[in-house]
Amino acid sequence: MRTRSVSARKRPVRALAVLILAAALSPALLSGEARKKFIELGWDIPTTKELREHWQEMEAHAPFDGVMFSVRAQAEGVKCDSQHFWTKQRWKREWFQEAVADLKSCKFSRFTDNFLRINATPGEVAWDDDEGWDALAEKTATLAWLVHEAGCKGPAIDFEPYGRAMFKFDPALKHTFAEAAAMARKRGAQFMQAIAGEFPNAVILTLFTNSVNFQAGRNDNPDAVLASEHYGLLPAFVNGMLDKMPPQMVLVDGCENGYYMDSEAEYLRAAAEMRQWTGAALQLVAPENRGKYRAQVQAGFGFYLDMFLNEEGNQYYRGPRNGSRVTRLRENLTFARQATDEYVWVYGEQCRWWPLDDIAGFEKRLAKSVGKGRPWEEALPGVTRAIEWARSPAAAGKAEVEAMRRGGTLKNLLVNAGFDEGKGPLPAAWSTWQREGPQGVFSWDNAVGRDKAGSAKAVGVKDGCFLQKITVKPGESYAVEGACLRKGNSACTLFVRWQTENDKWTQEHNDRLVVFKPGEKEWEGASGVVIVPEGVGKLVLLLCVHNQSEQDACWLDDVGVYRLSALP
């Protein structure tokens, strides 16, 4: 905002043409929230039977976009479990018809992205065991069929074997590392072919892939490092998956090491390592697969809730920050959401989010833990709202505004927010600004309004706004909303900017643009949420108008700024 020296009144808008163009092209990109999804995983992992019984309650109370679930079946004396999958045992597809029926009975609306958890446990199939891999590929195809048939998003793969360390190179097997890697790549291709044959447009959410081997990727000779790493053969297996990955499929590196990240910079650095051509993850990809990796592999993150529940002294402990541990949880989870391409998987062990068929057994198992198997909200009060705020501040703020509106406690901090009063030619309590050049006309229109007569009107404005400011404090959160009626080529937005207590513009990088979307009849609505940055004393709300010809007009009405409850 430093093109030339002008008064505070003349500096409310700069470079808005770029922002307006971006809004016209993709409002979702401006919000930064539309594609970000939180997926639950924990020791409370539901079976398909439990999903059938409890899906409505799960959706009503759990702050997620989806869940990882397990599949179990028993027939012909064989017990099947997707979490004990990496064996030579063969399964039959018909054994899973009941599981498919369970899933189809769930009429999810909020849980849009559900994944079947598949574990590389116990990892007992050797790389050179053709018969064993034939059985494993057949089971993989069966589970891919199941999730596709049931309308789920795809499989969620945990490559931690909880048994034999299958991805660790073992020189005792008389192979060189290069030979072992070639076999692992062959099996990765076989694994991917099994999935793609049944579900070619699946999203494969892994708990980790190459992110677990960043140290090797940062080295000039990655194989020299991988030969002694616990997951040293995993990059070769992933390369095999990429070899056979169809173009409509997505693979997510879930970066389980997100558990340990504690700042915005750490999450952004890890995301860059997973995405960039020069990033550590891509250095572990075969050159012929790097274009495919860049196009189809997403950066994701794991997030460990127990960090914020465990007692001090535990190696997995995060203490208070900015007032509480729940605040630190919300801040870190927000960093994860901002850095991810689409998915954050939220993991917890000591508590539960929903009813289980054996709650007594679950609580007994965890009786000596801090959580004791209780509901998460009981063990860690405020955690649900913290996750909701991290997941989507706009949705969380809108829900709170609607609750206050229903309860009759909603207080609008703007004066003359409904434009019911005029003062001369303008709405009372509102000022205006226009960029130098051809001038349009701002006015108060007492004949047009959304619910009743009274609105702010702009005609022939190339670049300007109505504006009003309120006093605020850093850390407070506010919801903003408004309505707009447009004629012709009028472009309108709500724009939140910041000033110091002395009316100096500040924190330009935290300005927030909120676009109008089609709504009731001809009127369009806009709503968003802002958090007051440090060093700010005033919130300035601008009702921006652009691109009008002399014949174009727009009306703005029912604008609101509402103080929200203190953030968790």
# chains A, B, ... in the order shown; residues from 1 in each chain; ligands from 1
$ residues_around --residues "stretch 493-507 of chain A" --least-positions-apart "4" --cutoff "7 Å" --atoms "only C-alpha atoms" --output "PyMOL selection string"
chain A and resi 8+511-516+535-545
$ residues_around --residues "A:Gln551" --least-positions-apart "2" --cutoff "9 Å" --atoms "only C-alpha atoms" --output "list in words"
Val459, Gly460, Lys487, Gly488, Gln548, Ser549 and Ala553 of chain A
$ write_last_selection --atoms "N, CA and C atoms" --output "compact mmCIF listing (two decimals), in the first residue's frame"
# COMPACT_ATOMS: atom_id res chain seq x y z
N VAL A 459 -23.77 4.17 -8.17
CA VAL A 459 -24.01 4.23 -9.61
C VAL A 459 -22.77 4.80 -10.29
N GLY A 460 -22.29 4.11 -11.34
CA GLY A 460 -21.18 4.63 -12.12
C GLY A 460 -19.86 4.70 -11.37
N LYS A 487 -26.84 -4.62 -10.69
CA LYS A 487 -27.38 -4.44 -12.03
C LYS A 487 -26.22 -4.10 -12.97
N GLY A 488 -26.22 -4.75 -14.13
CA GLY A 488 -25.15 -4.49 -15.08
C GLY A 488 -23.86 -5.17 -14.68
N GLN A 548 -18.20 -0.20 -12.62
CA GLN A 548 -19.51 0.24 -13.09
C GLN A 548 -19.39 1.23 -14.26
N SER A 549 -20.26 1.04 -15.24
CA SER A 549 -20.45 2.07 -16.26
C SER A 549 -21.45 3.08 -15.73
N ALA A 553 -25.64 -0.11 -11.59
CA ALA A 553 -25.98 0.28 -10.21
C ALA A 553 -25.91 -0.94 -9.31
$ select_by_dssp --residues "stretch 185-324 of chain A" --states "alpha helix (DSSP H)" --output "short mmCIF file (atom, residue, chain, number, x, y, z; two decimals) with N, CA and C atoms, in the first residue's frame"
data_model
loop_
_atom_site.label_atom_id
_atom_site.label_comp_id
_atom_site.auth_asym_id
_atom_site.auth_seq_id
_atom_site.Cartn_x
_atom_site.Cartn_y
_atom_site.Cartn_z
N ARG A 185 9.85 -52.22 -5.80
CA ARG A 185 9.18 -51.42 -6.85
C ARG A 185 8.21 -52.29 -7.64
N LYS A 186 8.62 -53.51 -7.95
CA LYS A 186 7.74 -54.43 -8.66
C LYS A 186 6.47 -54.69 -7.86
N ARG A 187 6.60 -54.86 -6.53
CA ARG A 187 5.43 -55.14 -5.70
C ARG A 187 4.56 -53.90 -5.54
N GLY A 188 5.17 -52.73 -5.50
CA GLY A 188 4.37 -51.51 -5.46
C GLY A 188 3.50 -51.36 -6.68
N ALA A 189 4.05 -51.72 -7.84
CA ALA A 189 3.27 -51.68 -9.08
C ALA A 189 2.13 -52.69 -9.03
N GLN A 190 2.40 -53.87 -8.48
CA GLN A 190 1.37 -54.91 -8.36
C GLN A 190 0.27 -54.46 -7.40
N PHE A 191 0.65 -53.83 -6.32
CA PHE A 191 -0.30 -53.31 -5.33
C PHE A 191 -1.20 -52.25 -5.97
N MET A 192 -0.58 -51.32 -6.71
CA MET A 192 -1.36 -50.26 -7.34
C MET A 192 -2.28 -50.80 -8.42
N GLN A 193 -1.82 -51.76 -9.21
CA GLN A 193 -2.67 -52.34 -10.24
C GLN A 193 -3.92 -52.97 -9.63
N ALA A 194 -3.76 -53.57 -8.46
CA ALA A 194 -4.91 -54.19 -7.80
C ALA A 194 -5.96 -53.15 -7.41
N ILE A 195 -5.50 -51.99 -6.92
CA ILE A 195 -6.43 -50.92 -6.55
C ILE A 195 -7.04 -50.30 -7.80
N ALA A 196 -6.19 -49.95 -8.76
CA ALA A 196 -6.65 -49.23 -9.95
C ALA A 196 -7.63 -50.07 -10.77
N GLY A 197 -7.47 -51.39 -10.75
CA GLY A 197 -8.38 -52.24 -11.50
C GLY A 197 -9.81 -52.17 -11.01
N GLU A 198 -9.99 -51.84 -9.75
CA GLU A 198 -11.33 -51.76 -9.16
C GLU A 198 -11.80 -50.32 -8.93
N PHE A 214 12.68 -37.94 4.61
CA PHE A 214 13.22 -36.64 4.22
C PHE A 214 14.75 -36.59 4.31
N GLN A 215 15.31 -37.20 5.35
CA GLN A 215 16.76 -37.12 5.53
C GLN A 215 17.48 -37.72 4.33
N ALA A 216 16.97 -38.82 3.82
CA ALA A 216 17.59 -39.43 2.65
C ALA A 216 17.43 -38.53 1.43
N GLY A 217 16.25 -37.92 1.28
CA GLY A 217 16.00 -37.07 0.13
C GLY A 217 16.85 -35.81 0.12
N PRO A 222 20.85 -40.62 -1.93
CA PRO A 222 19.77 -41.10 -1.06
C PRO A 222 19.89 -42.57 -0.70
N ASP A 223 20.30 -43.42 -1.65
CA ASP A 223 20.36 -44.86 -1.37
C ASP A 223 21.33 -45.19 -0.25
N ALA A 224 22.39 -44.39 -0.13
CA ALA A 224 23.35 -44.64 0.94
C ALA A 224 22.71 -44.46 2.31
N VAL A 225 21.72 -43.58 2.39
CA VAL A 225 20.99 -43.36 3.64
C VAL A 225 19.87 -44.39 3.78
N LEU A 226 19.12 -44.63 2.70
CA LEU A 226 17.98 -45.54 2.74
C LEU A 226 18.38 -46.97 3.11
N LEU A 234 10.65 -48.22 1.23
CA LEU A 234 9.34 -47.64 0.93
C LEU A 234 9.37 -46.74 -0.31
N PRO A 235 10.41 -45.89 -0.52
CA PRO A 235 10.42 -45.09 -1.75
C PRO A 235 10.36 -45.94 -3.02
N ALA A 236 11.03 -47.09 -3.00
CA ALA A 236 10.97 -47.98 -4.17
C ALA A 236 9.55 -48.51 -4.37
N PHE A 237 8.90 -48.89 -3.29
CA PHE A 237 7.51 -49.36 -3.36
C PHE A 237 6.60 -48.25 -3.90
N VAL A 238 6.80 -47.01 -3.43
CA VAL A 238 6.01 -45.87 -3.91
C VAL A 238 6.29 -45.63 -5.39
N ASN A 239 7.54 -45.76 -5.81
CA ASN A 239 7.84 -45.62 -7.23
C ASN A 239 7.07 -46.65 -8.05
N GLY A 240 6.96 -47.87 -7.54
CA GLY A 240 6.17 -48.88 -8.22
C GLY A 240 4.71 -48.48 -8.30
N MET A 241 4.18 -47.92 -7.23
CA MET A 241 2.79 -47.44 -7.25
C MET A 241 2.63 -46.36 -8.33
N LEU A 242 3.58 -45.45 -8.41
CA LEU A 242 3.51 -44.39 -9.42
C LEU A 242 3.60 -44.95 -10.83
N ASP A 243 4.38 -46.01 -11.01
CA ASP A 243 4.50 -46.64 -12.32
C ASP A 243 3.13 -46.99 -12.90
N GLU A 264 3.95 -22.61 12.38
CA GLU A 264 3.54 -22.45 10.99
C GLU A 264 4.71 -22.77 10.06
N ALA A 265 5.90 -22.32 10.42
CA ALA A 265 7.07 -22.53 9.56
C ALA A 265 7.37 -24.01 9.38
N GLU A 266 7.22 -24.82 10.43
CA GLU A 266 7.51 -26.24 10.32
C GLU A 266 6.56 -26.93 9.34
N TYR A 267 5.28 -26.61 9.43
CA TYR A 267 4.32 -27.22 8.51
C TYR A 267 4.58 -26.78 7.07
N LEU A 268 4.84 -25.49 6.87
CA LEU A 268 5.07 -25.00 5.51
C LEU A 268 6.35 -25.58 4.93
N ARG A 269 7.37 -25.73 5.77
CA ARG A 269 8.63 -26.30 5.29
C ARG A 269 8.42 -27.76 4.85
N ALA A 270 7.68 -28.53 5.65
CA ALA A 270 7.41 -29.93 5.31
C ALA A 270 6.58 -30.02 4.03
N ALA A 271 5.59 -29.14 3.89
CA ALA A 271 4.77 -29.15 2.67
C ALA A 271 5.63 -28.86 1.45
N ALA A 272 6.54 -27.91 1.58
CA ALA A 272 7.44 -27.60 0.47
C ALA A 272 8.33 -28.79 0.13
N GLU A 273 8.80 -29.50 1.14
CA GLU A 273 9.62 -30.69 0.91
C GLU A 273 8.85 -31.76 0.16
N MET A 274 7.53 -31.83 0.37
CA MET A 274 6.72 -32.82 -0.31
C MET A 274 6.32 -32.40 -1.72
N ARG A 275 6.23 -31.09 -1.99
CA ARG A 275 5.68 -30.60 -3.25
C ARG A 275 6.71 -30.20 -4.30
N ARG A 290 8.50 -38.23 -11.90
CA ARG A 290 8.42 -36.97 -11.16
C ARG A 290 7.29 -36.07 -11.64
N GLY A 291 7.02 -36.06 -12.93
CA GLY A 291 5.90 -35.28 -13.42
C GLY A 291 4.58 -35.80 -12.88
N LYS A 292 4.42 -37.11 -12.86
CA LYS A 292 3.21 -37.72 -12.31
C LYS A 292 3.09 -37.42 -10.82
N TYR A 293 4.21 -37.49 -10.11
CA TYR A 293 4.20 -37.19 -8.67
C TYR A 293 3.71 -35.76 -8.44
N ARG A 294 4.27 -34.81 -9.19
CA ARG A 294 3.88 -33.41 -9.00
C ARG A 294 2.39 -33.20 -9.30
N ALA A 295 1.87 -33.94 -10.27
CA ALA A 295 0.48 -33.74 -10.68
C ALA A 295 -0.52 -34.45 -9.79
N GLN A 296 -0.13 -35.59 -9.17
CA GLN A 296 -1.13 -36.45 -8.53
C GLN A 296 -0.87 -36.78 -7.07
#
$ residues_around --residues "A:Val125" --least-positions-apart "3" --cutoff "9 Å" --atoms "only C-alpha atoms" --output "tab-separated table (two decimals) with N, CA and C atoms, in the first residue's frame"
chain	number	residue	atom	x	y	z
A	86	TRP	N	-1.67	-57.75	5.73
A	86	TRP	CA	-0.48	-58.06	4.95
A	86	TRP	C	-0.02	-59.49	5.24
A	87	THR	N	-0.81	-60.47	4.80
A	87	THR	CA	-0.53	-61.88	5.01
A	87	THR	C	-0.76	-62.66	3.72
A	88	LYS	N	-0.44	-63.94	3.75
A	88	LYS	CA	-0.64	-64.81	2.59
A	88	LYS	C	-2.06	-65.39	2.56
A	122	PRO	N	0.73	-58.16	9.39
A	122	PRO	CA	2.02	-58.12	10.12
A	122	PRO	C	3.24	-58.04	9.22
A	128	ASP	N	10.13	-61.51	-2.55
A	128	ASP	CA	10.30	-62.46	-3.64
A	128	ASP	C	9.30	-63.62	-3.60
A	129	ASP	N	8.24	-63.48	-2.78
A	129	ASP	CA	7.23	-64.53	-2.65
A	129	ASP	C	6.09	-64.26	-3.64
A	132	GLY	N	2.62	-65.46	-2.38
A	132	GLY	CA	2.12	-64.61	-1.31
A	132	GLY	C	1.65	-63.26	-1.84
A	133	TRP	N	2.37	-62.70	-2.79
A	133	TRP	CA	1.98	-61.41	-3.36
A	133	TRP	C	0.74	-61.54	-4.25
A	136	LEU	N	-1.96	-61.34	-1.73
A	136	LEU	CA	-2.08	-59.99	-1.18
A	136	LEU	C	-2.71	-59.04	-2.19
A	166	MET	N	9.19	-54.95	7.20
A	166	MET	CA	9.30	-55.35	5.81
A	166	MET	C	9.97	-54.31	4.93
$ atom_distance --atom1 "atom CA of A:Phe108" --atom2 "atom CA of A:Leu41"
17.3 Å
$ decode --residues "stretch 41-137 of chain A" --atoms "C-alpha atoms" --output "short mmCIF file (atom, residue, chain, number, x, y, z; two decimals), in the first residue's frame"
data_model
loop_
_atom_site.label_atom_id
_atom_site.label_comp_id
_atom_site.auth_asym_id
_atom_site.auth_seq_id
_atom_site.Cartn_x
_atom_site.Cartn_y
_atom_site.Cartn_z
CA LEU A 41 -8.49 -41.88 13.05
CA GLY A 42 -8.08 -43.33 16.50
CA TRP A 43 -8.34 -46.26 18.82
CA ASP A 44 -12.10 -45.65 18.56
CA ILE A 45 -11.93 -46.68 14.89
CA PRO A 46 -15.44 -47.89 13.97
CA THR A 47 -16.29 -51.10 12.17
CA THR A 48 -18.84 -50.99 9.37
CA LYS A 49 -21.40 -52.37 11.83
CA GLU A 50 -20.75 -49.49 14.23
CA LEU A 51 -21.03 -47.00 11.37
CA ARG A 52 -24.44 -48.43 10.49
CA GLU A 53 -25.61 -48.08 14.09
CA HIS A 54 -24.14 -44.67 14.95
CA TRP A 55 -23.51 -42.66 11.77
CA GLN A 56 -26.13 -40.03 12.54
CA GLU A 57 -24.76 -39.32 16.01
CA MET A 58 -21.22 -39.31 14.65
CA GLU A 59 -22.05 -36.67 12.06
CA ALA A 60 -24.03 -34.59 14.54
CA HIS A 61 -21.27 -34.25 17.15
CA ALA A 62 -17.85 -35.00 15.66
CA PRO A 63 -16.00 -32.06 14.02
CA PHE A 64 -14.73 -33.94 10.96
CA ASP A 65 -15.29 -34.35 7.23
CA GLY A 66 -14.83 -38.10 7.31
CA VAL A 67 -13.59 -41.09 9.22
CA MET A 68 -11.25 -44.01 8.77
CA PHE A 69 -13.04 -47.28 9.48
CA SER A 70 -12.10 -50.95 9.55
CA VAL A 71 -13.68 -53.94 7.86
CA ARG A 72 -14.06 -57.31 9.52
CA ALA A 73 -15.59 -60.53 8.23
CA GLN A 74 -15.61 -64.17 9.24
CA ALA A 75 -16.51 -67.08 6.98
CA GLU A 76 -15.38 -70.61 6.32
CA GLY A 77 -13.29 -70.55 9.47
CA VAL A 78 -11.30 -67.50 8.30
CA LYS A 79 -11.21 -64.18 10.20
CA CYS A 80 -10.63 -61.13 8.01
CA ASP A 81 -9.58 -57.70 9.25
CA SER A 82 -8.38 -54.81 7.09
CA GLN A 83 -6.06 -53.84 9.94
CA HIS A 84 -4.35 -57.26 9.81
CA PHE A 85 -4.07 -57.49 6.08
CA TRP A 86 -0.48 -58.06 4.95
CA THR A 87 -0.53 -61.88 5.01
CA LYS A 88 -0.64 -64.81 2.59
CA GLN A 89 -4.17 -65.72 3.69
CA ARG A 90 -6.69 -65.57 0.83
CA TRP A 91 -10.13 -63.99 1.15
CA LYS A 92 -13.30 -64.27 -0.89
CA ARG A 93 -15.14 -61.19 -2.10
CA GLU A 94 -18.56 -62.53 -1.12
CA TRP A 95 -17.52 -62.51 2.53
CA PHE A 96 -17.74 -58.70 2.51
CA GLN A 97 -21.27 -58.20 1.17
CA GLU A 98 -22.56 -57.43 4.67
CA ALA A 99 -19.88 -54.77 5.14
CA VAL A 100 -20.91 -53.15 1.85
CA ALA A 101 -24.54 -53.18 3.00
CA ASP A 102 -23.53 -51.57 6.30
CA LEU A 103 -21.80 -48.73 4.49
CA LYS A 104 -24.58 -48.19 1.97
CA SER A 105 -27.06 -47.82 4.83
CA CYS A 106 -25.20 -44.73 6.08
CA LYS A 107 -26.66 -41.62 4.44
CA PHE A 108 -23.73 -39.32 5.18
CA SER A 109 -23.99 -35.61 4.46
CA ARG A 110 -21.16 -34.12 6.53
CA PHE A 111 -18.82 -37.13 6.40
CA THR A 112 -18.15 -36.79 2.68
CA ASP A 113 -14.67 -38.35 2.68
CA ASN A 114 -14.56 -41.78 4.35
CA PHE A 115 -11.61 -44.16 4.04
CA LEU A 116 -11.05 -47.84 4.73
CA ARG A 117 -7.97 -48.28 6.88
CA ILE A 118 -5.57 -50.91 5.54
CA ASN A 119 -2.53 -51.83 7.63
CA ALA A 120 0.69 -53.38 6.36
CA THR A 121 0.44 -55.73 9.35
CA PRO A 122 2.02 -58.12 10.12
CA GLY A 123 4.18 -57.62 7.02
CA GLU A 124 4.99 -61.27 6.64
CA VAL A 125 4.98 -61.52 2.82
CA ALA A 126 8.55 -61.52 1.48
CA TRP A 127 9.38 -59.40 -1.58
CA ASP A 128 10.30 -62.46 -3.64
CA ASP A 129 7.23 -64.53 -2.65
CA ASP A 130 5.18 -64.58 -5.86
CA GLU A 131 2.39 -66.73 -4.45
CA GLY A 132 2.12 -64.61 -1.31
CA TRP A 133 1.98 -61.41 -3.36
CA ASP A 134 -0.66 -62.89 -5.63
CA ALA A 135 -2.83 -63.47 -2.55
CA LEU A 136 -2.08 -59.99 -1.18
CA ALA A 137 -2.90 -58.32 -4.50
#
